[in-house]
$ cat upload_22.cif   # mmCIF, C-alpha atoms
data_final
loop_
_atom_site.label_atom_id
_atom_site.label_comp_id
_atom_site.auth_asym_id
_atom_site.auth_seq_id
_atom_site.Cartn_x
_atom_site.Cartn_y
_atom_site.Cartn_z
CA MET A 710 0.00 0.00 0.00
CA ASP A 711 2.81 2.46 0.87
CA LEU A 712 4.26 1.72 -2.59
CA PHE A 713 1.02 2.90 -4.21
CA VAL A 714 1.23 6.08 -2.14
CA GLU A 715 4.90 6.66 -3.02
CA ARG A 716 4.86 5.76 -6.71
CA GLY A 717 1.21 6.02 -7.74
CA PHE A 718 -1.09 3.08 -8.39
CA GLU A 719 -0.58 2.96 -12.17
CA GLN A 720 3.21 3.05 -11.89
CA THR A 721 3.55 0.32 -9.28
CA THR A 722 4.22 -3.19 -10.59
CA VAL A 723 3.30 -6.49 -8.95
CA THR A 724 7.04 -7.30 -8.88
CA GLU A 725 7.66 -4.24 -6.70
CA ILE A 726 4.68 -4.98 -4.43
CA ALA A 727 5.79 -8.59 -3.92
CA ARG A 728 9.42 -7.57 -3.28
CA ARG A 729 8.40 -4.92 -0.71
CA ALA A 730 6.16 -7.46 1.04
CA GLY A 731 8.88 -10.12 0.99
CA LEU A 732 6.76 -12.41 -1.20
CA THR A 733 7.52 -14.22 -4.43
CA GLN A 734 5.27 -13.23 -7.35
CA ARG A 735 3.88 -16.75 -7.23
CA THR A 736 2.82 -16.28 -3.60
CA PHE A 737 1.40 -12.85 -4.43
CA PHE A 738 -0.79 -14.32 -7.17
CA ARG A 739 -1.96 -17.10 -4.86
CA HIS A 740 -3.60 -14.35 -2.74
CA PHE A 741 -4.45 -11.62 -5.26
CA ALA A 742 -5.67 -11.90 -8.86
CA ASP A 743 -3.96 -8.58 -9.70
CA LYS A 744 -2.78 -5.41 -7.96
CA ARG A 745 -6.36 -4.07 -7.75
CA GLU A 746 -7.13 -6.99 -5.43
CA VAL A 747 -4.72 -5.50 -2.89
CA LEU A 748 -7.21 -2.63 -2.56
CA PHE A 749 -10.51 -4.46 -3.09
CA GLY A 750 -9.86 -8.04 -1.97
CA GLY A 751 -11.41 -7.40 1.46
CA GLY A 752 -14.71 -6.13 0.02
CA ALA A 753 -16.49 -9.48 -0.30
CA ALA A 754 -15.60 -10.54 3.26
CA LEU A 755 -16.72 -7.16 4.66
CA GLN A 756 -20.01 -7.46 2.75
CA GLU A 757 -20.61 -10.99 4.00
CA PHE A 758 -19.84 -9.91 7.56
CA MET A 759 -22.19 -6.90 7.43
CA VAL A 760 -24.99 -8.98 5.87
CA SER A 761 -24.65 -11.56 8.67
CA ILE A 762 -25.03 -8.81 11.29
CA VAL A 763 -28.17 -7.46 9.60
CA ALA A 764 -29.58 -11.00 9.47
CA SER A 765 -28.91 -11.65 13.15
CA ALA A 766 -30.31 -8.38 14.53
CA PRO A 767 -33.22 -8.83 16.98
CA GLU A 768 -36.52 -9.46 15.24
CA SER A 769 -37.95 -6.28 16.76
CA ALA A 770 -35.12 -4.06 15.41
CA ALA A 771 -36.23 -1.35 12.97
CA PRO A 772 -34.54 -1.58 9.51
CA ILE A 773 -32.24 1.39 10.19
CA ASP A 774 -31.22 -0.16 13.55
CA ALA A 775 -30.34 -3.50 11.92
CA VAL A 776 -28.20 -1.57 9.41
CA ALA A 777 -26.67 0.52 12.21
CA ALA A 778 -25.62 -2.68 13.99
CA ALA A 779 -23.76 -3.78 10.84
CA LEU A 780 -22.05 -0.38 10.46
CA GLU A 781 -20.96 -0.43 14.09
CA ALA A 782 -19.61 -3.99 13.89
CA ALA A 783 -17.66 -3.13 10.72
CA ALA A 784 -16.36 0.05 12.37
CA GLU A 785 -14.93 -1.95 15.26
CA GLY A 786 -13.06 -4.16 12.82
CA LEU A 787 -11.71 -1.25 10.78
CA HIS A 788 -10.71 0.88 13.73
CA GLU A 789 -7.34 -0.83 14.21
CA ARG A 790 -6.47 -0.31 10.55
CA ARG A 791 -6.80 3.46 10.29
CA GLU A 792 -3.47 4.09 8.55
CA TYR A 793 -4.09 1.31 6.03
CA SER A 794 -7.61 2.61 5.42
CA ARG A 795 -6.39 6.20 5.01
CA GLN A 796 -3.68 5.19 2.53
CA ARG A 797 -6.13 3.01 0.63
CA MET A 798 -8.57 5.91 0.19
CA ALA A 799 -5.74 8.25 -0.85
CA VAL A 800 -4.67 5.80 -3.58
CA ILE A 801 -8.29 5.44 -4.75
CA ALA A 802 -8.87 9.22 -4.72
CA ALA A 803 -5.89 9.66 -7.07
CA ASN A 804 -7.18 7.22 -9.71
CA PRO A 805 -10.54 7.56 -11.54
CA GLU A 806 -10.66 3.87 -12.50
CA LEU A 807 -10.27 2.87 -8.84
CA GLN A 808 -12.92 5.42 -7.82
CA GLU A 809 -15.33 3.67 -10.19
CA ARG A 810 -14.46 0.30 -8.72
CA GLU A 811 -15.05 1.69 -5.21
CA LEU A 812 -18.47 3.03 -6.31
CA ILE A 813 -19.34 -0.41 -7.68
CA LYS A 814 -18.18 -2.10 -4.48
CA LEU A 815 -20.37 0.21 -2.37
CA ALA A 816 -23.36 -0.26 -4.69
CA ARG A 817 -22.98 -4.04 -4.28
CA LEU A 818 -22.71 -3.67 -0.52
CA ALA A 819 -25.94 -1.62 -0.45
CA GLY A 820 -27.65 -4.21 -2.66
CA ALA A 821 -26.58 -7.08 -0.39
CA ILE A 822 -27.75 -5.24 2.75
CA ALA A 823 -31.10 -4.46 1.06
CA ASP A 824 -31.49 -8.18 0.25
CA ALA A 825 -30.74 -9.08 3.89
CA LEU A 826 -33.43 -6.62 5.02
CA ARG A 827 -35.97 -8.09 2.56
CA LYS A 828 -35.25 -11.53 4.05
CA ARG A 829 -36.20 -9.99 7.43
CA GLY A 830 -39.57 -9.05 5.90
CA VAL A 831 -38.79 -5.37 5.29
CA PRO A 832 -40.72 -4.26 2.16
CA ASP A 833 -39.39 -2.02 -0.59
CA PRO A 834 -38.65 0.84 -0.86
CA ALA A 835 -37.81 0.84 2.89
CA ALA A 836 -35.26 -1.99 2.44
CA SER A 837 -33.40 -0.19 -0.37
CA LEU A 838 -33.58 3.20 1.34
CA ALA A 839 -32.27 1.92 4.69
CA ALA A 840 -29.45 -0.01 2.97
CA GLU A 841 -28.43 2.89 0.73
CA ALA A 842 -28.62 5.43 3.55
CA GLY A 843 -26.55 3.14 5.77
CA THR A 844 -23.89 2.67 3.09
CA THR A 845 -23.72 6.44 2.60
CA VAL A 846 -23.28 6.97 6.36
CA PHE A 847 -20.49 4.37 6.35
CA ARG A 848 -18.62 5.99 3.43
CA ILE A 849 -19.00 9.55 4.72
CA GLY A 850 -18.11 8.43 8.26
CA ILE A 851 -14.88 6.81 7.06
CA ASP A 852 -13.94 9.95 5.11
CA ARG A 853 -14.46 12.08 8.23
CA TRP A 854 -12.52 9.62 10.36
CA HIS A 855 -9.52 9.95 8.01
CA ALA A 856 -9.74 13.74 7.87
CA GLU A 857 -10.35 14.63 11.52
CA THR A 858 -7.72 15.66 14.01
CA PRO A 859 -7.50 14.80 16.79
CA GLN A 860 -8.36 11.26 15.77
CA ARG A 861 -11.60 9.81 17.14
CA ASP A 862 -12.88 6.24 17.33
CA LEU A 863 -14.42 5.22 14.01
CA LEU A 864 -17.38 3.88 15.98
CA ASP A 865 -18.06 7.36 17.41
CA VAL A 866 -17.74 8.99 14.00
CA ILE A 867 -20.12 6.48 12.38
CA ARG A 868 -22.65 6.96 15.19
CA ASP A 869 -22.42 10.74 14.79
CA SER A 870 -22.90 10.46 11.03
CA LEU A 871 -25.97 8.29 11.53
CA ASP A 872 -27.38 10.84 14.00
CA GLU A 873 -26.69 13.58 11.43
CA LEU A 874 -28.56 11.60 8.77
CA LYS A 875 -31.54 11.28 11.11
CA ALA A 876 -31.45 15.04 11.80
CA VAL A 877 -31.13 15.89 8.09
CA ALA A 878 -34.02 13.57 7.14
CA ALA A 879 -36.14 15.17 9.87
CA GLY A 880 -35.63 18.54 8.17
CA LYS A 881 -33.12 20.01 10.61
CA MET B 269 -33.43 3.93 -27.90
CA ASP B 270 -35.88 1.30 -29.25
CA LEU B 271 -32.96 -0.06 -31.30
CA PHE B 272 -30.96 -0.65 -28.12
CA VAL B 273 -33.96 -2.49 -26.67
CA GLU B 274 -34.45 -4.59 -29.82
CA ARG B 275 -30.85 -5.42 -30.66
CA GLY B 276 -28.93 -4.86 -27.41
CA PHE B 277 -26.68 -1.91 -26.72
CA GLU B 278 -23.41 -3.60 -27.70
CA GLN B 279 -24.80 -4.85 -31.02
CA THR B 280 -26.29 -1.55 -32.15
CA THR B 281 -24.12 0.59 -34.44
CA VAL B 282 -24.17 4.35 -34.82
CA THR B 283 -25.05 3.79 -38.50
CA GLU B 284 -28.23 1.98 -37.44
CA ILE B 285 -29.13 4.59 -34.83
CA ALA B 286 -28.66 7.43 -37.29
CA ARG B 287 -30.66 5.64 -40.01
CA ARG B 288 -33.56 4.90 -37.65
CA ALA B 289 -33.58 8.54 -36.49
CA GLY B 290 -33.42 9.81 -40.08
CA LEU B 291 -30.06 11.49 -39.47
CA THR B 292 -26.78 11.35 -41.34
CA GLN B 293 -23.86 10.01 -39.29
CA ARG B 294 -22.35 13.47 -39.52
CA THR B 295 -25.44 15.01 -37.91
CA PHE B 296 -25.45 12.25 -35.28
CA PHE B 297 -21.86 13.04 -34.30
CA ARG B 298 -22.63 16.77 -34.15
CA HIS B 299 -24.99 15.95 -31.24
CA PHE B 300 -23.41 12.86 -29.63
CA ALA B 301 -19.75 11.93 -29.10
CA ASP B 302 -20.66 8.23 -29.32
CA LYS B 303 -23.65 5.94 -28.80
CA ARG B 304 -23.23 6.12 -24.99
CA GLU B 305 -24.07 9.82 -25.26
CA VAL B 306 -27.56 8.88 -26.45
CA LEU B 307 -28.10 7.48 -22.94
CA PHE B 308 -26.03 9.89 -20.85
CA GLY B 309 -26.00 13.14 -22.84
CA GLY B 310 -28.79 14.62 -20.74
CA GLY B 311 -26.99 14.07 -17.43
CA ALA B 312 -25.03 17.32 -17.34
CA ALA B 313 -28.11 19.45 -18.11
CA LEU B 314 -30.17 17.62 -15.47
CA GLN B 315 -27.40 18.16 -12.91
CA GLU B 316 -27.13 21.86 -13.74
CA PHE B 317 -30.89 22.23 -13.49
CA MET B 318 -31.11 20.48 -10.11
CA VAL B 319 -28.18 22.49 -8.74
CA SER B 320 -29.90 25.73 -9.78
CA ILE B 321 -33.06 24.70 -7.92
CA VAL B 322 -31.08 23.92 -4.75
CA ALA B 323 -29.33 27.29 -5.04
CA SER B 324 -32.59 29.22 -5.44
CA ALA B 325 -34.51 27.55 -2.59
CA PRO B 326 -35.70 29.99 0.13
CA GLU B 327 -32.95 30.91 2.56
CA SER B 328 -34.95 29.39 5.42
CA ALA B 329 -35.34 25.99 3.70
CA ALA B 330 -33.77 23.03 5.53
CA PRO B 331 -31.12 21.16 3.47
CA ILE B 332 -33.43 18.20 2.80
CA ASP B 333 -36.19 20.58 1.65
CA ALA B 334 -33.85 22.37 -0.79
CA VAL B 335 -32.91 18.94 -2.18
CA ALA B 336 -36.58 17.87 -2.28
CA ALA B 337 -37.39 20.98 -4.37
CA ALA B 338 -34.75 19.88 -6.91
CA LEU B 339 -36.07 16.30 -7.03
CA GLU B 340 -39.62 17.55 -7.55
CA ALA B 341 -38.64 19.95 -10.31
CA ALA B 342 -36.68 17.21 -12.09
CA ALA B 343 -39.62 14.81 -11.66
CA GLU B 344 -41.94 17.26 -13.42
CA GLY B 345 -39.56 17.40 -16.38
CA LEU B 346 -39.15 13.62 -16.59
CA HIS B 347 -42.80 12.79 -16.15
CA GLU B 348 -43.64 13.26 -19.84
CA ARG B 349 -40.81 10.95 -20.86
CA ARG B 350 -41.75 7.80 -18.99
CA GLU B 351 -41.42 5.39 -21.92
CA TYR B 352 -38.03 6.83 -22.89
CA SER B 353 -36.88 6.68 -19.26
CA ARG B 354 -38.10 3.08 -18.85
CA GLN B 355 -36.36 1.93 -22.03
CA ARG B 356 -33.18 3.77 -21.05
CA MET B 357 -33.06 1.99 -17.67
CA ALA B 358 -33.77 -1.39 -19.32
CA VAL B 359 -30.81 -0.88 -21.68
CA ILE B 360 -28.57 0.15 -18.76
CA ALA B 361 -29.72 -2.80 -16.61
CA ALA B 362 -28.65 -5.21 -19.37
CA ASN B 363 -25.08 -3.87 -19.62
CA PRO B 364 -22.57 -3.79 -16.72
CA GLU B 365 -20.44 -1.07 -18.33
CA LEU B 366 -23.48 1.20 -18.63
CA GLN B 367 -24.46 0.42 -15.03
CA GLU B 368 -21.04 1.67 -13.96
CA ARG B 369 -21.48 4.82 -15.99
CA GLU B 370 -24.89 5.39 -14.41
CA LEU B 371 -23.36 4.97 -10.92
CA ILE B 372 -20.70 7.53 -11.80
CA LYS B 373 -23.33 9.93 -13.16
CA LEU B 374 -25.35 9.68 -9.94
CA ALA B 375 -22.24 10.08 -7.76
CA ARG B 376 -21.42 13.27 -9.70
CA LEU B 377 -24.98 14.52 -9.29
CA ALA B 378 -24.79 13.93 -5.52
CA GLY B 379 -21.43 15.72 -5.39
CA ALA B 380 -22.78 18.73 -7.28
CA ILE B 381 -25.86 18.97 -5.04
CA ALA B 382 -23.63 18.74 -1.93
CA ASP B 383 -21.52 21.61 -3.31
CA ALA B 384 -24.67 23.66 -3.89
CA LEU B 385 -25.73 23.03 -0.28
CA ARG B 386 -22.28 24.06 1.02
CA LYS B 387 -22.65 27.32 -0.90
CA ARG B 388 -25.90 27.85 1.04
CA GLY B 389 -23.87 27.55 4.25
CA VAL B 390 -24.80 23.95 5.08
CA PRO B 391 -21.83 22.32 6.86
CA ASP B 392 -20.54 18.80 6.30
CA PRO B 393 -21.49 16.04 6.84
CA ALA B 394 -25.09 17.40 6.59
CA ALA B 395 -24.47 18.68 3.03
CA SER B 396 -23.13 15.33 1.78
CA LEU B 397 -25.76 13.30 3.63
CA ALA B 398 -28.70 15.37 2.35
CA ALA B 399 -27.34 15.27 -1.23
CA GLU B 400 -26.65 11.53 -1.18
CA ALA B 401 -29.96 10.70 0.47
CA GLY B 402 -31.79 12.87 -2.09
CA THR B 403 -30.02 11.20 -5.01
CA THR B 404 -30.92 7.77 -3.60
CA VAL B 405 -34.58 8.81 -3.27
CA PHE B 406 -34.50 10.02 -6.89
CA ARG B 407 -33.01 6.77 -8.23
CA ILE B 408 -35.26 4.49 -6.19
CA GLY B 409 -38.30 6.65 -7.00
CA ILE B 410 -37.63 6.38 -10.75
CA ASP B 411 -37.26 2.58 -10.48
CA ARG B 412 -40.60 2.34 -8.69
CA TRP B 413 -42.23 4.66 -11.22
CA HIS B 414 -41.15 2.34 -14.05
CA ALA B 415 -42.26 -0.81 -12.23
CA GLU B 416 -45.62 0.25 -10.83
CA THR B 417 -48.98 -0.44 -12.41
CA PRO B 418 -51.24 1.41 -12.61
CA GLN B 419 -48.86 4.21 -13.51
CA ARG B 420 -48.62 7.12 -11.06
CA ASP B 421 -47.21 10.61 -11.45
CA LEU B 422 -43.43 10.56 -10.94
CA LEU B 423 -43.85 13.54 -8.63
CA ASP B 424 -46.11 11.49 -6.31
CA VAL B 425 -43.73 8.53 -6.35
CA ILE B 426 -40.72 10.74 -5.51
CA ARG B 427 -42.64 12.43 -2.68
CA ASP B 428 -43.65 9.03 -1.31
CA SER B 429 -40.07 7.80 -1.48
CA LEU B 430 -38.86 10.87 0.38
CA ASP B 431 -41.50 10.30 3.07
CA GLU B 432 -40.36 6.66 3.30
CA LEU B 433 -36.77 7.80 3.77
CA LYS B 434 -37.85 10.10 6.59
CA ALA B 435 -39.78 7.25 8.23
CA VAL B 436 -36.85 4.82 7.82
CA ALA B 437 -34.36 7.33 9.27
CA ALA B 438 -36.71 7.91 12.21
CA GLY B 439 -36.49 4.18 13.01
CA LYS B 440 -39.92 3.15 11.71
#
$ encode --input "upload_22.cif" --output "structure tokens"
Amino acid sequence: MDLFVERGFEQTTVTEIARRAGLTQRTFFRHFADKREVLFGGGAALQEFMVSIVASAPESAAPIDAVAAALEAAAEGLHERREYSRQRMAVIAANPELQERELIKLARLAGAIADALRKRGVPDPAASLAAEAGTTVFRIGIDRWHAETPQRDLLDVIRDSLDELKAVAAGK
Amino acid sequence: MDLFVERGFEQTTVTEIARRAGLTQRTFFRHFADKREVLFGGGAALQEFMVSIVASAPESAAPIDAVAAALEAAAEGLHERREYSRQRMAVIAANPELQERELIKLARLAGAIADALRKRGVPDPAASLAAEAGTTVFRIGIDRWHAETPQRDLLDVIRDSLDELKAVAAGK
């Protein structure tokens, strides 16, 4: 990741990434299909994890609360990886193709969360709206977490962002 | 547009589009850079229009109400073009590359609306959240409008979707 920051994503080769990480190219390709996977390989696992939290929320939980539980659980996992997360977003921000891939990843995440809500019996459009709003809160919360000094817990920032969404939707 | 529906987007040539529309290829290319522009050429004008509505909302309007005014104004313009809009979304839904372009278009729209809110003095993250939530309501509202029978006014569907968002955010 630091190589992408130093040299730019386009300019960095898999050979350089593997050498910096102390891996052979063969080992690199056993874990990552290409260098994009270094940035996006965790997306599927994160999505699966968040979907499982939505699915296991108490039956009585409102849709937005089931989504909030998933955001909070993901925030706890990401919190320890702030520097990685910040560098990752800086690399993505510098490359339009990666920005598109990030948009697609987030759209898929929202779609998967909406499906998990539908399985809980939440009708549309509430399922889609809660999932999309939650994904927006997550993305905007992470951006704030990277930008803010002094640094706060990601969990606090995500909770604040969700409260802000509720205030905005209520016309405040 | 009906050509894309009949033959598929990838298979349709500019020659065929121009012939069906009774245009020379030269005239086609005076209006559209390529066949993707037939689907996305209106995006910049729509964005500019919606931004101008946000900018001209009453000073006292809450951020979500300034965004709602833009959604409603855009809905009035789109209402007359339901069949075009439905065909356009069907073509996009059948083609992953066009889906990505649509995601990018909507992300740009949300970014432009957030900028317009910041110019009204709305701080972040409220500006981003109101803009993203509004764009989501717009997209989901248009999908419902295409899917529903009997057909309703787009304006009603968008207003309903916004009310649903408010209810979802309030934990209902």
$ interface_residues --input "upload_22.cif" --of "chain B" --to "chain A" --cutoff "10 Å" --atoms "all atoms listed in the file" --output "ChimeraX atom specification"
/B:329-334,367-369,371-372,375,392-398,400-402,404-405,408-409,411-412,428-440
$ resolve_selection --input "upload_22.cif" --expression "the PyMOL selection byres ((chain A and resi 822) around 8)" --output "JSON, numbers by chain"
{"A": [759, 760, 763, 776, 818, 819, 820, 821, 823, 824, 825, 826, 840]}
$ atom_distance --input "upload_22.cif" --atom1 "CA of Ala313 in chain B" --atom2 "CA of Glu344 in chain B"
14.8 Å
$ atom_distance --input "upload_22.cif" --atom1 "CA of Arg427 in chain B" --atom2 "CA of Leu339 in chain B"
8.8 Å
$ closest_residue --input "upload_22.cif" --among "A:Thr858, A:Gln756, A:Thr724, A:Thr844" --to "Asp743 in chain A" --atoms "all atoms listed in the file"
A:Thr724
$ resolve_selection --input "upload_22.cif" --expression "the PyMOL selection byres ((chain A and resi 716-723) around 12)" --output "number ranges by chain"
A: 710-715, 724-738, 741-748, 796-807
$ write_last_selection --input "upload_22.cif" --atoms "C-alpha atoms" --output "short mmCIF file (atom, residue, chain, number, x, y, z; two decimals), keeping the file's coordinate frame"
data_model
loop_
_atom_site.label_atom_id
_atom_site.label_comp_id
_atom_site.auth_asym_id
_atom_site.auth_seq_id
_atom_site.Cartn_x
_atom_site.Cartn_y
_atom_site.Cartn_z
CA MET A 710 0.00 0.00 0.00
CA ASP A 711 2.81 2.46 0.87
CA LEU A 712 4.26 1.72 -2.59
CA PHE A 713 1.02 2.90 -4.21
CA VAL A 714 1.23 6.08 -2.14
CA GLU A 715 4.90 6.66 -3.02
CA THR A 724 7.04 -7.30 -8.88
CA GLU A 725 7.66 -4.24 -6.70
CA ILE A 726 4.68 -4.98 -4.43
CA ALA A 727 5.79 -8.59 -3.92
CA ARG A 728 9.42 -7.57 -3.28
CA ARG A 729 8.40 -4.92 -0.71
CA ALA A 730 6.16 -7.46 1.04
CA GLY A 731 8.88 -10.12 0.99
CA LEU A 732 6.76 -12.41 -1.20
CA THR A 733 7.52 -14.22 -4.43
CA GLN A 734 5.27 -13.23 -7.35
CA ARG A 735 3.88 -16.75 -7.23
CA THR A 736 2.82 -16.28 -3.60
CA PHE A 737 1.40 -12.85 -4.43
CA PHE A 738 -0.79 -14.32 -7.17
CA PHE A 741 -4.45 -11.62 -5.26
CA ALA A 742 -5.67 -11.90 -8.86
CA ASP A 743 -3.96 -8.58 -9.70
CA LYS A 744 -2.78 -5.41 -7.96
CA ARG A 745 -6.36 -4.07 -7.75
CA GLU A 746 -7.13 -6.99 -5.43
CA VAL A 747 -4.72 -5.50 -2.89
CA LEU A 748 -7.21 -2.63 -2.56
CA GLN A 796 -3.68 5.19 2.53
CA ARG A 797 -6.13 3.01 0.63
CA MET A 798 -8.57 5.91 0.19
CA ALA A 799 -5.74 8.25 -0.85
CA VAL A 800 -4.67 5.80 -3.58
CA ILE A 801 -8.29 5.44 -4.75
CA ALA A 802 -8.87 9.22 -4.72
CA ALA A 803 -5.89 9.66 -7.07
CA ASN A 804 -7.18 7.22 -9.71
CA PRO A 805 -10.54 7.56 -11.54
CA GLU A 806 -10.66 3.87 -12.50
CA LEU A 807 -10.27 2.87 -8.84
#
$ atom_distance --input "upload_22.cif" --atom1 "CA of Ala343 in chain B" --atom2 "CA of Ile426 in chain B"
7.5 Å
$ axis_aligned_box --input "upload_22.cif" --around "range 315-326 of chain B" --padding-each-side "6 Å" --output "AutoDock Vina command-line options"
--center_x -31.4 --center_y 24.1 --center_z -6.8 --size_x 20.6 --size_y 23.8 --size_z 25.9
$ decode --input "upload_22.cif" --residues "range 323-397 of chain B" --atoms "C-alpha atoms" --output "compact mmCIF listing (two decimals), in the first residue's frame"
# COMPACT_ATOMS: atom_id res chain seq x y z
CA ALA B 323 -29.33 27.29 -5.04
CA SER B 324 -32.59 29.22 -5.44
CA ALA B 325 -34.51 27.55 -2.59
CA PRO B 326 -35.70 29.99 0.13
CA GLU B 327 -32.95 30.91 2.56
CA SER B 328 -34.95 29.39 5.42
CA ALA B 329 -35.34 25.99 3.70
CA ALA B 330 -33.77 23.03 5.53
CA PRO B 331 -31.12 21.16 3.47
CA ILE B 332 -33.43 18.20 2.80
CA ASP B 333 -36.19 20.58 1.65
CA ALA B 334 -33.85 22.37 -0.79
CA VAL B 335 -32.91 18.94 -2.18
CA ALA B 336 -36.58 17.87 -2.28
CA ALA B 337 -37.39 20.98 -4.37
CA ALA B 338 -34.75 19.88 -6.91
CA LEU B 339 -36.07 16.30 -7.03
CA GLU B 340 -39.62 17.55 -7.55
CA ALA B 341 -38.64 19.95 -10.31
CA ALA B 342 -36.68 17.21 -12.09
CA ALA B 343 -39.62 14.81 -11.66
CA GLU B 344 -41.94 17.26 -13.42
CA GLY B 345 -39.56 17.40 -16.38
CA LEU B 346 -39.15 13.62 -16.59
CA HIS B 347 -42.80 12.79 -16.15
CA GLU B 348 -43.64 13.26 -19.84
CA ARG B 349 -40.81 10.95 -20.86
CA ARG B 350 -41.75 7.80 -18.99
CA GLU B 351 -41.42 5.39 -21.92
CA TYR B 352 -38.03 6.83 -22.89
CA SER B 353 -36.88 6.68 -19.26
CA ARG B 354 -38.10 3.08 -18.85
CA GLN B 355 -36.36 1.93 -22.03
CA ARG B 356 -33.18 3.77 -21.05
CA MET B 357 -33.06 1.99 -17.67
CA ALA B 358 -33.77 -1.39 -19.32
CA VAL B 359 -30.81 -0.88 -21.68
CA ILE B 360 -28.57 0.15 -18.76
CA ALA B 361 -29.72 -2.80 -16.61
CA ALA B 362 -28.65 -5.21 -19.37
CA ASN B 363 -25.08 -3.87 -19.62
CA PRO B 364 -22.57 -3.79 -16.72
CA GLU B 365 -20.44 -1.07 -18.33
CA LEU B 366 -23.48 1.20 -18.63
CA GLN B 367 -24.46 0.42 -15.03
CA GLU B 368 -21.04 1.67 -13.96
CA ARG B 369 -21.48 4.82 -15.99
CA GLU B 370 -24.89 5.39 -14.41
CA LEU B 371 -23.36 4.97 -10.92
CA ILE B 372 -20.70 7.53 -11.80
CA LYS B 373 -23.33 9.93 -13.16
CA LEU B 374 -25.35 9.68 -9.94
CA ALA B 375 -22.24 10.08 -7.76
CA ARG B 376 -21.42 13.27 -9.70
CA LEU B 377 -24.98 14.52 -9.29
CA ALA B 378 -24.79 13.93 -5.52
CA GLY B 379 -21.43 15.72 -5.39
CA ALA B 380 -22.78 18.73 -7.28
CA ILE B 381 -25.86 18.97 -5.04
CA ALA B 382 -23.63 18.74 -1.93
CA ASP B 383 -21.52 21.61 -3.31
CA ALA B 384 -24.67 23.66 -3.89
CA LEU B 385 -25.73 23.03 -0.28
CA ARG B 386 -22.28 24.06 1.02
CA LYS B 387 -22.65 27.32 -0.90
CA ARG B 388 -25.90 27.85 1.04
CA GLY B 389 -23.87 27.55 4.25
CA VAL B 390 -24.80 23.95 5.08
CA PRO B 391 -21.83 22.32 6.86
CA ASP B 392 -20.54 18.80 6.30
CA PRO B 393 -21.49 16.04 6.84
CA ALA B 394 -25.09 17.40 6.59
CA ALA B 395 -24.47 18.68 3.03
CA SER B 396 -23.13 15.33 1.78
CA LEU B 397 -25.76 13.30 3.63
